[in-house]
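Okay, so here's the structure we're looking at.
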Amino acid sequence: MSTRKAEAERAHDFVEAELEIFLRHLNRRNADEVLASLHTWAETIRIRERDRAMARLGDADPKTAEIVDDLSRVLSRKILTDATFSVRASAEEGDLATAESLVKAITRGEQIGDGQAGKK
């Protein structure tokens with residue numbers, strides 16, 4: 001009888017551990033939608049500013065254009081790294097509202113705090 005009880009406890013522990021992993025994965029996938037809007041916003045700005053820089057350079061050769069594009073891409077990615085980590089971490093912990101608030105604060109200038117988001 002004690003063997004059955006021990007097996008049942010192990011099975012219960014296994015199911016709980018797997019459930020936690022599944023929920024974190026599910027929450028992480030939910031964050032992907034929120035992050036998509038953040039990255040789309042940043043990419044729009046990156047392209048606009050890259051094009052402005054290229055226009056200011058005038059008749060730039062292809063190598064210069066490639067360098068400007070690479071620079072803008074790297075800067076955009078590095079700027080988003082910490083925000084992406086924070087949004088994903090919040091979502092993984094089941095706090096999608098905070099993840100969404102972070103993205104809105106970045107992309108729309110909405111304030112974060114005491115549950116009331118508003119324009120600056």
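Just remember, in the structure tokens the first chain shown is A, the second B, etc., residues are 1-based per chain, and ligands are 1-based in the order shown.
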List every residue of stretch 6-49 of chain A that has an atom at most 12 Å from any atom of stretch 70-79 of chain A, giving for each one its closest atom pair and the distance in Å to one decimal, counting only C-alpha atoms, sorted by chain and then by ascending residue number, as a Markdown table.
```
| residue | atom | partner | partner_atom | distance |
| --- | --- | --- | --- | --- |
| A:Leu38 | CA | A:Ser76 | CA | 11.1 |
| A:His39 | CA | A:Arg77 | CA | 8.8 |
| A:Thr40 | CA | A:Ser76 | CA | 11.0 |
| A:Trp41 | CA | A:Ser76 | CA | 10.5 |
| A:Ala42 | CA | A:Ser76 | CA | 6.7 |
| A:Glu43 | CA | A:Ser76 | CA | 7.5 |
| A:Thr44 | CA | A:Ser76 | CA | 10.4 |
| A:Ile45 | CA | A:Ser76 | CA | 8.9 |
| A:Arg46 | CA | A:Ser72 | CA | 6.1 |
| A:Ile47 | CA | A:Ser72 | CA | 8.0 |
| A:Arg48 | CA | A:Ser72 | CA | 10.1 |
| A:Glu49 | CA | A:Ser72 | CA | 8.1 |
```
Would you save the residues from that selection as a PDB file, in the first residue's frame, using N, CA and C atoms?
```
ATOM      1  N   LEU A  38       5.653  45.449 -30.416  1.00  0.00           N
ATOM      2  CA  LEU A  38       6.824  46.242 -30.033  1.00  0.00           C
ATOM      3  C   LEU A  38       7.876  46.222 -31.143  1.00  0.00           C
ATOM      4  N   HIS A  39       8.155  45.044 -31.660  1.00  0.00           N
ATOM      5  CA  HIS A  39       9.184  44.914 -32.687  1.00  0.00           C
ATOM      6  C   HIS A  39       8.747  45.537 -34.015  1.00  0.00           C
ATOM      7  N   THR A  40       7.456  45.456 -34.327  1.00  0.00           N
ATOM      8  CA  THR A  40       6.942  46.108 -35.535  1.00  0.00           C
ATOM      9  C   THR A  40       7.092  47.621 -35.419  1.00  0.00           C
ATOM     10  N   TRP A  41       6.751  48.152 -34.261  1.00  0.00           N
ATOM     11  CA  TRP A  41       6.894  49.587 -33.993  1.00  0.00           C
ATOM     12  C   TRP A  41       8.351  50.017 -34.174  1.00  0.00           C
ATOM     13  N   ALA A  42       9.269  49.260 -33.572  1.00  0.00           N
ATOM     14  CA  ALA A  42      10.689  49.605 -33.655  1.00  0.00           C
ATOM     15  C   ALA A  42      11.209  49.487 -35.087  1.00  0.00           C
ATOM     16  N   GLU A  43      10.772  48.474 -35.804  1.00  0.00           N
ATOM     17  CA  GLU A  43      11.218  48.286 -37.187  1.00  0.00           C
ATOM     18  C   GLU A  43      10.736  49.430 -38.077  1.00  0.00           C
ATOM     19  N   THR A  44       9.535  49.910 -37.848  1.00  0.00           N
ATOM     20  CA  THR A  44       9.010  51.044 -38.611  1.00  0.00           C
ATOM     21  C   THR A  44       9.884  52.280 -38.398  1.00  0.00           C
ATOM     22  N   ILE A  45      10.238  52.530 -37.158  1.00  0.00           N
ATOM     23  CA  ILE A  45      11.104  53.675 -36.844  1.00  0.00           C
ATOM     24  C   ILE A  45      12.490  53.472 -37.449  1.00  0.00           C
ATOM     25  N   ARG A  46      13.019  52.257 -37.335  1.00  0.00           N
ATOM     26  CA  ARG A  46      14.354  51.957 -37.871  1.00  0.00           C
ATOM     27  C   ARG A  46      14.419  52.246 -39.365  1.00  0.00           C
ATOM     28  N   ILE A  47      13.444  51.759 -40.097  1.00  0.00           N
ATOM     29  CA  ILE A  47      13.435  51.946 -41.549  1.00  0.00           C
ATOM     30  C   ILE A  47      13.293  53.430 -41.902  1.00  0.00           C
ATOM     31  N   ARG A  48      12.406  54.119 -41.205  1.00  0.00           N
ATOM     32  CA  ARG A  48      12.215  55.548 -41.474  1.00  0.00           C
ATOM     33  C   ARG A  48      13.514  56.327 -41.257  1.00  0.00           C
ATOM     34  N   GLU A  49      14.184  56.058 -40.149  1.00  0.00           N
ATOM     35  CA  GLU A  49      15.413  56.789 -39.835  1.00  0.00           C
ATOM     36  C   GLU A  49      16.570  56.364 -40.734  1.00  0.00           C
TER      37      GLU A  49
END
```
>> Using Å and a single decimal, report how far atom CA of A:Ile112 sits from atom CA of A:Phe85.
In response: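 Calculated distance between atom CA of A:Phe85 and atom CA of A:Ile112 is 17.1 Å.
Residues surrounding A:Phe22 within 12 Å are Val15, Glu16, Arg28, Arg29, Glu92, Glu93 and Gly94 of chain A [only C-alpha atoms; sequence separation below 6 positions excluded].
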